[in-house]
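File shown: query.pdb (PDB, C-alpha atoms).
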```pdb
ATOM      1  CA  MET O  26      24.815 160.015 136.624  1.00  0.00           C
ATOM      2  CA  ARG O  27      22.712 156.848 137.066  1.00  0.00           C
ATOM      3  CA  ILE O  28      21.795 156.883 133.408  1.00  0.00           C
ATOM      4  CA  ILE O  29      25.470 157.038 132.425  1.00  0.00           C
ATOM      5  CA  PHE O  30      26.264 154.040 134.648  1.00  0.00           C
ATOM      6  CA  ALA O  31      23.316 152.091 133.243  1.00  0.00           C
ATOM      7  CA  CYS O  32      24.369 152.812 129.644  1.00  0.00           C
ATOM      8  CA  LEU O  33      27.964 151.842 130.320  1.00  0.00           C
ATOM      9  CA  PHE O  34      26.771 148.668 132.010  1.00  0.00           C
ATOM     10  CA  VAL O  35      25.106 147.617 128.786  1.00  0.00           C
ATOM     11  CA  LEU O  36      28.357 148.191 126.899  1.00  0.00           C
ATOM     12  CA  PHE O  37      30.679 146.390 129.289  1.00  0.00           C
ATOM     13  CA  VAL O  38      28.613 143.568 130.754  1.00  0.00           C
ATOM     14  CA  SER O  39      29.927 140.088 130.272  1.00  0.00           C
ATOM     15  CA  SER O  40      27.888 137.016 131.046  1.00  0.00           C
ATOM     16  CA  ASN O  41      30.547 134.367 130.644  1.00  0.00           C
ATOM     17  CA  ALA O  42      33.025 133.042 133.157  1.00  0.00           C
ATOM     18  CA  GLN O  43      36.295 133.466 131.328  1.00  0.00           C
ATOM     19  CA  ALA O  44      38.871 135.913 132.650  1.00  0.00           C
ATOM     20  CA  ASP O  45      39.458 138.917 130.415  1.00  0.00           C
ATOM     21  CA  THR O  46      41.917 141.728 129.972  1.00  0.00           C
ATOM     22  CA  PHE O  47      40.231 145.119 129.709  1.00  0.00           C
ATOM     23  CA  ARG O  48      42.147 148.020 128.125  1.00  0.00           C
ATOM     24  CA  GLU O  49      40.714 151.483 128.672  1.00  0.00           C
ATOM     25  CA  THR O  50      41.799 155.090 128.269  1.00  0.00           C
ATOM     26  CA  VAL O  51      40.424 157.359 130.983  1.00  0.00           C
ATOM     27  CA  PRO O  52      40.614 161.094 131.713  1.00  0.00           C
ATOM     28  CA  ARG O  53      42.745 162.498 134.538  1.00  0.00           C
ATOM     29  CA  ASN O  54      41.076 163.332 137.855  1.00  0.00           C
ATOM     30  CA  LYS O  55      37.759 161.598 137.022  1.00  0.00           C
ATOM     31  CA  SER O  56      36.098 158.337 138.030  1.00  0.00           C
ATOM     32  CA  THR O  57      35.389 156.151 134.996  1.00  0.00           C
ATOM     33  CA  VAL O  58      33.553 152.851 134.536  1.00  0.00           C
ATOM     34  CA  VAL O  59      36.169 150.513 133.049  1.00  0.00           C
ATOM     35  CA  GLY O  60      34.275 147.203 133.144  1.00  0.00           C
ATOM     36  CA  SER O  61      31.419 145.208 134.607  1.00  0.00           C
ATOM     37  CA  ARG O  62      30.211 141.684 135.229  1.00  0.00           C
ATOM     38  CA  ALA O  63      26.830 140.019 135.611  1.00  0.00           C
ATOM     39  CA  THR O  64      25.759 136.391 135.919  1.00  0.00           C
ATOM     40  CA  THR O  65      23.167 134.681 133.735  1.00  0.00           C
ATOM     41  CA  LEU O  66      21.986 131.136 134.290  1.00  0.00           C
ATOM     42  CA  PRO O  67      20.514 128.621 131.828  1.00  0.00           C
ATOM     43  CA  GLY O  68      17.247 129.869 130.370  1.00  0.00           C
ATOM     44  CA  CYS O  69      18.436 133.508 130.655  1.00  0.00           C
ATOM     45  CA  LEU O  70      17.668 133.586 134.366  1.00  0.00           C
ATOM     46  CA  THR O  71      19.725 136.094 136.302  1.00  0.00           C
ATOM     47  CA  GLY O  72      22.120 135.129 139.051  1.00  0.00           C
ATOM     48  CA  ALA O  73      23.279 137.175 141.999  1.00  0.00           C
ATOM     49  CA  PRO O  74      25.575 140.099 141.127  1.00  0.00           C
ATOM     50  CA  PRO O  75      29.220 139.054 141.435  1.00  0.00           C
ATOM     51  CA  ARG O  76      30.950 140.128 144.640  1.00  0.00           C
ATOM     52  CA  MET O  77      34.147 141.616 143.367  1.00  0.00           C
ATOM     53  CA  LYS O  78      37.383 142.473 145.130  1.00  0.00           C
ATOM     54  CA  VAL O  79      40.675 144.001 144.085  1.00  0.00           C
ATOM     55  CA  THR O  80      43.316 141.249 144.047  1.00  0.00           C
ATOM     56  CA  VAL O  81      46.189 143.430 142.771  1.00  0.00           C
ATOM     57  CA  PRO O  82      45.666 147.141 143.499  1.00  0.00           C
ATOM     58  CA  PRO O  83      46.552 149.907 141.057  1.00  0.00           C
ATOM     59  CA  LYS O  84      49.728 151.857 141.861  1.00  0.00           C
ATOM     60  CA  HIS O  85      48.322 155.216 140.769  1.00  0.00           C
ATOM     61  CA  GLY O  86      44.620 155.200 141.626  1.00  0.00           C
ATOM     62  CA  LYS O  87      41.703 153.590 143.404  1.00  0.00           C
ATOM     63  CA  VAL O  88      39.103 151.021 142.375  1.00  0.00           C
ATOM     64  CA  SER O  89      35.518 150.895 143.603  1.00  0.00           C
ATOM     65  CA  PHE O  90      32.459 148.825 142.732  1.00  0.00           C
ATOM     66  CA  LYS O  91      28.795 149.688 142.278  1.00  0.00           C
ATOM     67  CA  GLN O  92      25.869 147.327 141.823  1.00  0.00           C
ATOM     68  CA  VAL O  93      23.389 148.418 139.144  1.00  0.00           C
ATOM     69  CA  SER O  94      20.633 147.017 136.969  1.00  0.00           C
ATOM     70  CA  GLY O  95      21.091 147.076 133.215  1.00  0.00           C
ATOM     71  CA  GLN O  96      20.348 145.232 130.017  1.00  0.00           C
ATOM     72  CA  LEU O  97      22.632 142.616 128.526  1.00  0.00           C
ATOM     73  CA  GLY O  98      24.199 143.613 125.230  1.00  0.00           C
ATOM     74  CA  GLU O  99      24.491 141.761 121.920  1.00  0.00           C
ATOM     75  CA  LYS O 100      27.326 139.553 123.198  1.00  0.00           C
ATOM     76  CA  ALA O 101      24.801 137.840 125.477  1.00  0.00           C
ATOM     77  CA  GLY O 102      23.284 136.063 122.454  1.00  0.00           C
ATOM     78  CA  ARG O 103      19.715 134.935 123.000  1.00  0.00           C
ATOM     79  CA  CYS O 104      19.737 136.650 126.411  1.00  0.00           C
ATOM     80  CA  ALA O 105      20.413 140.095 124.847  1.00  0.00           C
ATOM     81  CA  GLY O 106      18.056 142.737 126.209  1.00  0.00           C
ATOM     82  CA  LYS O 107      17.456 140.828 129.457  1.00  0.00           C
ATOM     83  CA  THR O 108      17.633 143.046 132.552  1.00  0.00           C
ATOM     84  CA  VAL O 109      20.162 141.814 135.100  1.00  0.00           C
ATOM     85  CA  LYS O 110      21.844 143.070 138.248  1.00  0.00           C
ATOM     86  CA  GLY O 111      25.559 143.420 137.841  1.00  0.00           C
ATOM     87  CA  THR O 112      28.626 145.049 139.299  1.00  0.00           C
ATOM     88  CA  LEU O 113      30.477 147.982 137.720  1.00  0.00           C
ATOM     89  CA  VAL O 114      34.243 148.371 138.089  1.00  0.00           C
ATOM     90  CA  ILE O 115      35.116 152.047 138.571  1.00  0.00           C
ATOM     91  CA  TYR O 116      38.674 153.414 138.398  1.00  0.00           C
ATOM     92  CA  ARG O 117      39.778 156.831 139.682  1.00  0.00           C
ATOM     93  CA  PRO O 118      43.388 157.888 139.045  1.00  0.00           C
ATOM     94  CA  ASP O 119      45.337 159.747 141.712  1.00  0.00           C
ATOM     95  CA  LYS O 120      44.960 163.520 141.418  1.00  0.00           C
ATOM     96  CA  GLY O 121      47.117 164.856 138.604  1.00  0.00           C
ATOM     97  CA  TYR O 122      48.418 161.428 137.545  1.00  0.00           C
ATOM     98  CA  LYS O 123      49.002 160.843 133.833  1.00  0.00           C
ATOM     99  CA  GLY O 124      50.347 157.540 132.517  1.00  0.00           C
ATOM    100  CA  ASP O 125      49.697 153.808 132.673  1.00  0.00           C
ATOM    101  CA  ASP O 126      48.231 151.785 135.522  1.00  0.00           C
ATOM    102  CA  VAL O 127      47.349 148.104 135.953  1.00  0.00           C
ATOM    103  CA  PHE O 128      45.176 146.271 138.474  1.00  0.00           C
ATOM    104  CA  LYS O 129      43.322 142.982 138.858  1.00  0.00           C
ATOM    105  CA  VAL O 130      39.813 142.251 140.089  1.00  0.00           C
ATOM    106  CA  GLY O 131      38.635 138.825 141.192  1.00  0.00           C
ATOM    107  CA  PHE O 132      35.273 137.253 141.887  1.00  0.00           C
ATOM    108  CA  VAL O 133      33.691 133.853 142.353  1.00  0.00           C
ATOM    109  CA  MET O 134      30.717 132.768 140.292  1.00  0.00           C
ATOM    110  CA  ASP O 135      28.590 129.687 139.760  1.00  0.00           C
ATOM    111  CA  MET O 136      29.165 127.992 136.434  1.00  0.00           C
ATOM    112  CA  TYR O 137      26.643 125.532 135.095  1.00  0.00           C
ATOM    113  CA  VAL O 138      27.973 122.742 132.894  1.00  0.00           C
ATOM    114  CA  SER O 139      25.715 119.879 131.759  1.00  0.00           C
ATOM    115  CA  GLY O 140      23.307 120.421 134.638  1.00  0.00           C
ATOM    116  CA  SER O 141      25.895 120.251 137.425  1.00  0.00           C
ATOM    117  CA  ALA O 142      26.835 123.386 139.333  1.00  0.00           C
ATOM    118  CA  LYS O 143      30.506 124.265 139.624  1.00  0.00           C
ATOM    119  CA  VAL O 144      32.202 127.274 141.156  1.00  0.00           C
ATOM    120  CA  ARG O 145      34.769 129.195 139.159  1.00  0.00           C
ATOM    121  CA  ASN O 146      37.231 131.817 140.353  1.00  0.00           C
ATOM    122  CA  VAL O 147      37.765 134.574 137.811  1.00  0.00           C
ATOM    123  CA  VAL O 148      40.460 137.268 137.869  1.00  0.00           C
ATOM    124  CA  ASP O 149      40.199 140.076 135.297  1.00  0.00           C
ATOM    125  CA  LYS O 150      43.161 142.284 134.445  1.00  0.00           C
ATOM    126  CA  TYR O 151      42.669 146.004 133.756  1.00  0.00           C
ATOM    127  CA  VAL O 152      45.264 147.953 131.766  1.00  0.00           C
ATOM    128  CA  ILE O 153      44.493 151.655 132.100  1.00  0.00           C
ATOM    129  CA  LYS O 154      45.966 154.623 130.232  1.00  0.00           C
ATOM    130  CA  VAL O 155      45.302 157.929 132.032  1.00  0.00           C
ATOM    131  CA  LYS O 156      45.383 160.937 129.685  1.00  0.00           C
TER     132      LYS O 156
END
```
For this file, produce the structure as structure tokens.
Amino acid sequence: MRIIFACLFVLFVSSNAQADTFRETVPRNKSTVVGSRATTLPGCLTGAPPRMKVTVPPKHGKVSFKQVSGQLGEKAGRCAGKTVKGTLVIYRPDKGYKGDDVFKVGFVMDMYVSGSAKVRNVVDKYVIKVK
């Protein structure tokens, strides 16, 4: 199970601060990793894993978070392959539910611009199709 989470982390990790909309199709009655976030600092240094919270809960399921270590993917540019600690977003639909669900997850992260530290609030939207 850990290996699956670590592999998915590599696929979903995002090292930038922009809010995103994630669209995923998940199976009924199973927990599924639907996204993740990690923080990288200038020079490919790793930041603390984002502390995430549900800002708009799903109507037909539950969201949980798990901190893991994984490698940054190709989208990380020159930092690709760097091992970082990040946070997985895990969605579990209500038992027997089939259909669409939407939720939002927020977190605060440090953002470095021209050598000055700034804090940025990010809220990601998740659009889930349960099959």
Review point. So, counting all atoms listed in the file, which residue among O:Pro52, O:Gly111, O:Gly102, O:Gly131 is closest to Thr71 (chain O)?
Key: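 Closest to Thr71 (chain O), using all atoms listed in the file: O:Gly111.
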Point to revise | Shell of 9 Å around Phe128 (chain O), all atoms listed in the file, local chain residues under 2 positions omitted, as a list of chain:residue names | key: O:Val79, O:Thr80, O:Val81, O:Pro82, O:Pro83, O:Lys84, O:Val88, O:Asp126, O:Val130, O:Asp149, O:Lys150, O:Tyr151, O:Val152, O:Ile153
Serialized selection, C-alpha atoms, as a PDB file, in the frame of the given file:
```
ATOM      1  CA  VAL O  79      40.675 144.001 144.085  1.00  0.00           C
ATOM      2  CA  THR O  80      43.316 141.249 144.047  1.00  0.00           C
ATOM      3  CA  VAL O  81      46.189 143.430 142.771  1.00  0.00           C
ATOM      4  CA  PRO O  82      45.666 147.141 143.499  1.00  0.00           C
ATOM      5  CA  PRO O  83      46.552 149.907 141.057  1.00  0.00           C
ATOM      6  CA  LYS O  84      49.728 151.857 141.861  1.00  0.00           C
ATOM      7  CA  VAL O  88      39.103 151.021 142.375  1.00  0.00           C
ATOM      8  CA  ASP O 126      48.231 151.785 135.522  1.00  0.00           C
ATOM      9  CA  VAL O 130      39.813 142.251 140.089  1.00  0.00           C
ATOM     10  CA  ASP O 149      40.199 140.076 135.297  1.00  0.00           C
ATOM     11  CA  LYS O 150      43.161 142.284 134.445  1.00  0.00           C
ATOM     12  CA  TYR O 151      42.669 146.004 133.756  1.00  0.00           C
ATOM     13  CA  VAL O 152      45.264 147.953 131.766  1.00  0.00           C
ATOM     14  CA  ILE O 153      44.493 151.655 132.100  1.00  0.00           C
TER      15      ILE O 153
END
```
Practice item. Enter the distance from CA of Arg76 (chain O) to CA of Ser56 (chain O), in Å, rounded to one decimal. Key: 20.0 Å
**Study point:** Distance in Å - CA of Thr112 (chain O) versus CA of Phe132 (chain O)
**Key:** 10.6 Å
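Going from CA of Ser94 (chain O) to CA of Lys156 (chain O) covers 29.3 Å.
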Picked residues, the PyMOL selection byres ((chain O and resi 117) around 6), expected as a compact mmCIF listing (two decimals) with C-alpha atoms, keeping the file's coordinate frame:
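Generated output (out.txt):
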```txt
# COMPACT_ATOMS: atom_id res chain seq x y z
CA LYS O 55 37.76 161.60 137.02
CA SER O 56 36.10 158.34 138.03
CA GLY O 86 44.62 155.20 141.63
CA LYS O 87 41.70 153.59 143.40
CA TYR O 116 38.67 153.41 138.40
CA PRO O 118 43.39 157.89 139.04
```
Practice item. Select, counting all atoms listed in the file, all protein, DNA and RNA residues no farther than 6 Å from (33.2, 148.9, 132.6) in file coordinates, and express the selection as a ChimeraX atom specification. Key: /O:37,58-61,113-114
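In this comparison, which uses all atoms listed in the file, the residue of O:Lys154, O:Arg145, O:Lys91, O:His85 approaching Lys110 (chain O) most closely is O:Lys91.
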**Study point:** Residue nearest Gln96 (chain O) - candidates O:Ala73, O:Ala63, O:Ile115, O:Val127, atoms counted: all atoms listed in the file
**Key:**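 Using all atoms listed in the file, the shortest distance to Gln96 (chain O) belongs to O:Ala63.
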Exercise for review: May I have the residues at most 6 Å from (47.4, 159.0, 134.2) in the file's coordinates, counting all atoms listed in the file, as a PyMOL selection string?
Suggested key: chain O and resi 53+122-125+155-156
Atoms kept (C-alpha atoms) for selection, written as a PDB file, keeping the file's coordinate frame:
```pdb
ATOM      1  CA  ARG O  53      42.745 162.498 134.538  1.00  0.00           C
ATOM      2  CA  TYR O 122      48.418 161.428 137.545  1.00  0.00           C
ATOM      3  CA  LYS O 123      49.002 160.843 133.833  1.00  0.00           C
ATOM      4  CA  GLY O 124      50.347 157.540 132.517  1.00  0.00           C
ATOM      5  CA  ASP O 125      49.697 153.808 132.673  1.00  0.00           C
ATOM      6  CA  VAL O 155      45.302 157.929 132.032  1.00  0.00           C
ATOM      7  CA  LYS O 156      45.383 160.937 129.685  1.00  0.00           C
TER       8      LYS O 156
END
```
Point to revise | Resolved residues for the PyMOL selection byres ((chain O and resi 107) around 8) as a ChimeraX atom specification | key: /O:69,96-97,104-106,108-109
